[in-house]
>>> print(open('work.cif').read())   # mmCIF, C-alpha atoms and all ligand atoms
data_target
#
loop_
_atom_site.label_atom_id
_atom_site.label_comp_id
_atom_site.auth_asym_id
_atom_site.auth_seq_id
_atom_site.Cartn_x
_atom_site.Cartn_y
_atom_site.Cartn_z
CA MET K 813 -64.10 -99.89 -97.74
CA TYR K 814 -66.02 -100.62 -94.54
CA ILE K 815 -65.86 -103.89 -92.56
CA ALA K 816 -68.68 -104.88 -90.20
CA MET K 817 -68.07 -107.68 -87.71
CA ASN K 818 -70.44 -109.18 -85.17
CA ARG K 819 -68.81 -111.56 -82.67
CA PHE K 820 -70.78 -114.42 -81.12
CA ILE K 821 -69.84 -116.58 -78.14
CA ILE K 822 -71.39 -120.03 -78.66
CA ASN K 823 -71.95 -122.46 -75.82
CA GLU K 824 -70.51 -125.98 -76.01
CA GLY K 825 -72.67 -128.39 -77.98
CA HIS K 826 -74.39 -125.65 -80.04
CA GLU K 827 -71.62 -125.09 -82.60
CA ASP K 828 -73.18 -127.20 -85.40
CA ASP K 829 -76.64 -125.72 -84.83
CA PHE K 830 -75.22 -122.20 -84.98
CA GLU K 831 -73.32 -122.92 -88.21
CA ASN K 832 -76.40 -124.54 -89.77
CA ILE K 833 -78.54 -121.46 -89.05
CA TRP K 834 -76.11 -119.48 -91.18
CA ARG K 835 -75.75 -122.19 -93.85
CA ASN K 836 -79.51 -122.53 -94.30
CA ARG K 837 -80.54 -118.88 -94.09
CA ASP K 838 -82.20 -117.09 -97.01
CA SER K 839 -79.55 -114.47 -97.60
CA THR K 840 -80.37 -111.24 -99.42
CA LEU K 841 -76.93 -109.67 -99.02
CA LYS K 842 -76.06 -110.13 -102.70
CA GLU K 843 -78.95 -107.88 -103.74
CA MET K 844 -77.82 -105.01 -101.50
CA PRO K 845 -76.01 -102.06 -103.15
CA GLY K 846 -72.41 -101.76 -102.00
CA PHE K 847 -72.22 -105.30 -100.56
CA GLN K 848 -68.92 -107.00 -101.36
CA THR K 849 -68.25 -110.18 -99.35
CA PHE K 850 -69.56 -112.22 -96.41
CA HIS K 851 -67.73 -114.76 -94.26
CA LEU K 852 -68.79 -116.64 -91.19
CA LEU K 853 -65.58 -117.04 -89.20
CA LYS K 854 -64.85 -119.60 -86.48
CA GLY K 855 -62.31 -118.53 -83.89
CA ALA K 856 -60.74 -120.11 -80.84
CA ARG K 857 -62.41 -122.38 -78.32
CA ASN K 858 -61.97 -121.21 -74.73
CA GLU K 859 -60.88 -124.32 -72.81
CA GLU K 860 -62.04 -122.87 -69.47
CA THR K 861 -65.57 -121.86 -70.45
CA LYS K 862 -65.82 -124.48 -73.28
CA GLN K 863 -67.28 -121.72 -75.51
CA THR K 864 -66.30 -121.00 -79.11
CA LEU K 865 -65.90 -117.60 -80.74
CA TYR K 866 -67.50 -116.92 -84.14
CA ALA K 867 -67.80 -113.73 -86.15
CA SER K 868 -69.98 -112.68 -89.06
CA HIS K 869 -67.79 -110.57 -91.31
CA THR K 870 -69.12 -108.38 -94.13
CA VAL K 871 -67.23 -106.04 -96.42
CA TRP K 872 -69.05 -103.02 -97.90
CA GLU K 873 -68.05 -100.41 -100.43
CA ASP K 874 -68.31 -97.75 -97.69
CA HIS K 875 -70.00 -96.97 -94.37
CA GLU K 876 -73.03 -95.35 -96.06
CA HIS K 877 -73.91 -98.57 -97.89
CA PHE K 878 -73.65 -100.52 -94.63
CA VAL K 879 -75.97 -98.04 -92.88
CA SER K 880 -78.49 -98.36 -95.74
CA TRP K 881 -78.49 -102.13 -95.24
CA ILE K 882 -78.93 -101.80 -91.45
CA ASN K 883 -82.01 -99.62 -92.11
CA SER K 884 -83.45 -101.93 -94.79
CA GLU K 885 -86.35 -104.40 -94.71
CA GLN K 886 -83.79 -107.06 -95.72
CA PHE K 887 -81.85 -106.51 -92.47
CA LYS K 888 -85.07 -106.64 -90.44
CA ASN K 889 -86.15 -109.86 -92.15
CA ALA K 890 -82.71 -111.47 -91.66
CA HIS K 891 -83.03 -110.86 -87.90
CA LYS K 892 -86.64 -111.91 -87.29
CA LYS K 893 -85.46 -115.09 -85.56
CA ALA K 894 -82.21 -113.71 -84.11
CA GLY K 895 -83.64 -113.56 -80.59
CA SER K 896 -84.50 -117.28 -80.48
CA ASN K 897 -82.08 -120.10 -79.57
CA LYS K 898 -81.19 -118.42 -76.28
CA GLY K 899 -79.28 -121.46 -74.92
CA MET K 900 -76.91 -121.20 -77.86
CA TYR K 901 -75.36 -117.85 -76.94
CA GLY K 902 -72.95 -117.06 -74.12
CA GLY K 903 -74.07 -113.41 -74.12
CA HIS K 904 -75.08 -110.63 -76.47
CA PRO K 905 -73.21 -110.40 -79.77
CA ASN K 906 -70.48 -107.81 -79.91
CA PHE K 907 -70.49 -105.52 -82.96
CA GLU K 908 -67.42 -103.72 -84.31
CA GLY K 909 -67.22 -101.68 -87.52
CA PHE K 910 -64.09 -100.46 -89.30
CA ASP K 911 -63.35 -97.95 -92.05
CA ALA K 912 -60.34 -99.05 -94.05
CA VAL K 913 -57.50 -96.55 -93.65
CA LEU K 914 -55.01 -98.35 -95.88
CA SER K 915 -55.72 -101.06 -98.46
CA GLU K 916 -52.68 -102.65 -100.08
C1 LIG A 1001 -75.22 -104.20 -86.20
C2 LIG A 1001 -75.44 -105.43 -85.77
C3 LIG A 1001 -75.50 -106.64 -86.65
C4 LIG A 1001 -74.86 -106.92 -87.83
C5 LIG A 1001 -73.87 -106.06 -88.59
C6 LIG A 1001 -75.28 -108.24 -88.25
C7 LIG A 1001 -74.86 -108.93 -89.40
C8 LIG A 1001 -75.55 -109.98 -89.97
C9 LIG A 1001 -75.44 -110.47 -91.32
C10 LIG A 1001 -74.45 -109.96 -92.36
C11 LIG A 1001 -76.35 -111.46 -91.50
C12 LIG A 1001 -76.61 -112.25 -92.77
C13 LIG A 1001 -77.79 -111.58 -93.49
C14 LIG A 1001 -78.06 -112.16 -94.87
O1 LIG A 1001 -77.35 -113.06 -95.31
O2 LIG A 1001 -79.01 -111.68 -95.54
C15 LIG A 1001 -77.01 -111.64 -90.22
C16 LIG A 1001 -77.95 -112.62 -89.90
C17 LIG A 1001 -78.09 -113.08 -88.60
N1 LIG A 1001 -77.79 -112.34 -87.47
FE1 LIG A 1001 -77.02 -110.52 -87.42
N2 LIG A 1001 -76.17 -108.73 -87.34
C18 LIG A 1001 -76.33 -107.80 -86.34
C19 LIG A 1001 -77.09 -107.95 -85.22
C20 LIG A 1001 -77.44 -109.19 -84.71
C21 LIG A 1001 -77.87 -109.49 -83.37
C22 LIG A 1001 -78.06 -108.48 -82.24
C23 LIG A 1001 -78.07 -110.84 -83.33
C24 LIG A 1001 -78.52 -111.58 -82.10
C25 LIG A 1001 -78.31 -112.83 -81.87
C26 LIG A 1001 -77.78 -111.38 -84.65
C27 LIG A 1001 -77.86 -112.71 -85.06
C28 LIG A 1001 -78.01 -113.11 -86.36
C29 LIG A 1001 -78.45 -114.45 -86.79
C30 LIG A 1001 -78.76 -115.63 -85.88
C31 LIG A 1001 -78.51 -114.41 -88.19
C32 LIG A 1001 -78.96 -115.54 -89.12
C33 LIG A 1001 -80.44 -115.26 -89.32
C34 LIG A 1001 -81.29 -116.41 -89.74
O3 LIG A 1001 -81.33 -116.72 -90.96
O4 LIG A 1001 -81.98 -117.00 -88.89
N3 LIG A 1001 -77.40 -110.35 -85.46
N4 LIG A 1001 -76.50 -110.72 -89.33
#
>>> encode(input="work.cif", output="structure tokens")
Amino acid sequence: MYIAMNRFIINEGHEDDFENIWRNRDSTLKEMPGFQTFHLLKGARNEETKQTLYASHTVWEDHEHFVSWINSEQFKNAHKKAGSNKGMYGGHPNFEGFDAVLSE
């Protein structure tokens, strides 16, 4: 099992817009071999910066299937508009990927 997470810092006032982008997207994840689950996660709000942490969280059968998706037309299409909405983000997203060592 491989877990891919991309963390986003969202500026105050843009939380609903950010969530709606994900709600209204044309997702093709379900057609990708090895795809298991997707969650959009909302984390803590930082009371000093007023920003909120989110993460996109996908679970794949293994790292190879994730890499195939990253190199696919579907990934490219899903990110055509990812560079827009600059005022929404408090910085670049932060990617982290994990191979499961133990699953219980
Ligand atoms: C390795 C890096 C990345 C991973 C693993 C990742 C993961 C994902 C996933 C799982 C989706 C949903 C695709 C679907 O449902 O078909 C998605 C879409 C999206 N990603 Fe990424 N992403 C990455 C890089 C980025 C970057 C650099 C940005 C820059 C802001 C970004 C912003 C977005 C946005 C805004 C969407 C929604 C697209 C839309 O419908 O407009 N992602 N990403």
>>> atom_distance(input="work.cif", atom1="CA of Arg837 (chain K)", atom2="CA of Asp911 (chain K)")
27.2 Å
>>> axis_aligned_box(input="work.cif", around="ligand LIG 1001 (chain A)", padding_each_side="3 Å", output="lines of an AutoDock Vina configuration file")
center_x = -77.9
center_y = -110.6
center_z = -88.7
size_x = 14.1
size_y = 18.8
size_z = 19.7
>>> residues_near_ligand(input="work.cif", ligand="ligand LIG 1001 (chain A)", cutoff="6 Å", atoms="only C-alpha atoms and all ligand atoms", output="ChimeraX atom specification")
/K:816,818,833-834,837,839-841,870,890-891,893-895,905,907
>>> atom_distance(input="work.cif", atom1="CA of Asp829 (chain K)", atom2="CA of Ile815 (chain K)")
25.5 Å
>>> closest_residue(input="work.cif", among="K:Trp872, K:Gly825, K:Gly855, K:Ser915", to="Lys842 (chain K)", atoms="all atoms listed in the file")
K:Trp872
>>> closest_residue(input="work.cif", among="K:Glu831, K:Glu908, K:Glu916, K:Glu824", to="Lys854 (chain K)", atoms="only C-alpha atoms")
K:Glu831
>>> residues_around(input="work.cif", residues="Phe878 (chain K)", least_positions_apart="4", cutoff="12 Å", atoms="all atoms listed in the file", output="list in words")
Met813, Tyr814, Ile815, Ala816, Met817, Leu841, Met844, Pro845, Gly846, Phe847, Gln848, Thr870, Val871, Trp872, Glu873, Asp874, Ile882, Asn883, Ser884, Phe887, Gly909, Phe910 and Asp911 of chain K
>>> atom_distance(input="work.cif", atom1="CA of Trp881 (chain K)", atom2="CA of Asp838 (chain K)")
15.5 Å
>>> closest_residue(input="work.cif", among="K:Asn906, K:Asn832, K:Ser896, K:Asn823", to="Leu852 (chain K)", atoms="only C-alpha atoms")
K:Asn832
>>> residues_near_point(input="work.cif", point="(-66.0, -117.7, -86.5)", cutoff="9 Å", atoms="all atoms listed in the file", output="JSON list (two decimals) with C-alpha atoms, keeping the file's coordinate frame")
[["chain", "number", "residue", "atom", "x", "y", "z"],
["K", 819, "ARG", "CA", -68.81, -111.56, -82.67],
["K", 820, "PHE", "CA", -70.78, -114.42, -81.12],
["K", 851, "HIS", "CA", -67.73, -114.76, -94.26],
["K", 852, "LEU", "CA", -68.79, -116.64, -91.19],
["K", 853, "LEU", "CA", -65.58, -117.04, -89.20],
["K", 854, "LYS", "CA", -64.85, -119.60, -86.48],
["K", 855, "GLY", "CA", -62.31, -118.53, -83.89],
["K", 856, "ALA", "CA", -60.74, -120.11, -80.84],
["K", 864, "THR", "CA", -66.30, -121.00, -79.11],
["K", 865, "LEU", "CA", -65.90, -117.60, -80.74],
["K", 866, "TYR", "CA", -67.50, -116.92, -84.14],
["K", 867, "ALA", "CA", -67.80, -113.73, -86.15],
["K", 868, "SER", "CA", -69.98, -112.68, -89.06],
["K", 869, "HIS", "CA", -67.79, -110.57, -91.31]]
>>> closest_residue(input="work.cif", among="K:Lys888, K:His826, K:His875, K:Lys862", to="Met900 (chain K)", atoms="only C-alpha atoms")
K:His826
>>> closest_residue(input="work.cif", among="K:Phe830, K:Glu843, K:Ile822, K:Gly902", to="Gln886 (chain K)", atoms="only C-alpha atoms")
K:Glu843
>>> closest_residue(input="work.cif", among="K:Glu876, K:Thr849, K:Leu914, K:Gln863", to="Tyr901 (chain K)", atoms="only C-alpha atoms")
K:Gln863
>>> build_atoms(input="work.cif", residues="region 818-834 of chain K", atoms="N, CA, C and O atoms", output="compact mmCIF listing (two decimals), in the coordinates of the input")
# COMPACT_ATOMS: atom_id res chain seq x y z
N ASN K 818 -69.63 -108.91 -86.35
CA ASN K 818 -70.44 -109.18 -85.17
C ASN K 818 -69.90 -110.46 -84.55
O ASN K 818 -69.89 -111.51 -85.22
N ARG K 819 -69.41 -110.37 -83.30
CA ARG K 819 -68.81 -111.56 -82.67
C ARG K 819 -69.83 -112.26 -81.80
O ARG K 819 -70.58 -111.63 -81.06
N PHE K 820 -69.84 -113.59 -81.88
CA PHE K 820 -70.78 -114.42 -81.12
C PHE K 820 -70.00 -115.41 -80.26
O PHE K 820 -69.07 -116.05 -80.75
N ILE K 821 -70.40 -115.54 -79.01
CA ILE K 821 -69.84 -116.58 -78.14
C ILE K 821 -70.88 -117.71 -78.10
O ILE K 821 -72.03 -117.50 -77.70
N ILE K 822 -70.45 -118.90 -78.54
CA ILE K 822 -71.39 -120.03 -78.66
C ILE K 822 -71.08 -121.09 -77.61
O ILE K 822 -69.93 -121.53 -77.48
N ASN K 823 -72.12 -121.48 -76.89
CA ASN K 823 -71.95 -122.46 -75.82
C ASN K 823 -71.65 -123.85 -76.39
O ASN K 823 -72.08 -124.21 -77.50
N GLU K 824 -70.91 -124.63 -75.60
CA GLU K 824 -70.51 -125.98 -76.01
C GLU K 824 -71.73 -126.81 -76.41
O GLU K 824 -72.76 -126.78 -75.74
N GLY K 825 -71.59 -127.52 -77.51
CA GLY K 825 -72.67 -128.39 -77.98
C GLY K 825 -73.61 -127.71 -78.97
O GLY K 825 -74.43 -128.38 -79.60
N HIS K 826 -73.50 -126.39 -79.12
CA HIS K 826 -74.39 -125.65 -80.04
C HIS K 826 -73.67 -125.19 -81.31
O HIS K 826 -74.27 -124.49 -82.12
N GLU K 827 -72.41 -125.60 -81.47
CA GLU K 827 -71.62 -125.09 -82.60
C GLU K 827 -72.24 -125.48 -83.94
O GLU K 827 -72.38 -124.63 -84.84
N ASP K 828 -72.62 -126.76 -84.11
CA ASP K 828 -73.18 -127.20 -85.40
C ASP K 828 -74.51 -126.51 -85.68
O ASP K 828 -74.77 -126.10 -86.82
N ASP K 829 -75.35 -126.38 -84.64
CA ASP K 829 -76.64 -125.72 -84.83
C ASP K 829 -76.44 -124.27 -85.27
O ASP K 829 -77.13 -123.78 -86.16
N PHE K 830 -75.49 -123.59 -84.63
CA PHE K 830 -75.22 -122.20 -84.98
C PHE K 830 -74.75 -122.09 -86.44
O PHE K 830 -75.25 -121.27 -87.22
N GLU K 831 -73.82 -122.96 -86.83
CA GLU K 831 -73.32 -122.92 -88.21
C GLU K 831 -74.43 -123.22 -89.21
O GLU K 831 -74.50 -122.62 -90.28
N ASN K 832 -75.32 -124.16 -88.84
CA ASN K 832 -76.40 -124.54 -89.77
C ASN K 832 -77.42 -123.43 -89.95
O ASN K 832 -78.00 -123.30 -91.03
N ILE K 833 -77.65 -122.61 -88.91
CA ILE K 833 -78.54 -121.46 -89.05
C ILE K 833 -78.01 -120.57 -90.18
O ILE K 833 -78.76 -120.11 -91.04
N TRP K 834 -76.71 -120.37 -90.17
CA TRP K 834 -76.11 -119.48 -91.18
C TRP K 834 -76.07 -120.15 -92.55
O TRP K 834 -76.32 -119.51 -93.57
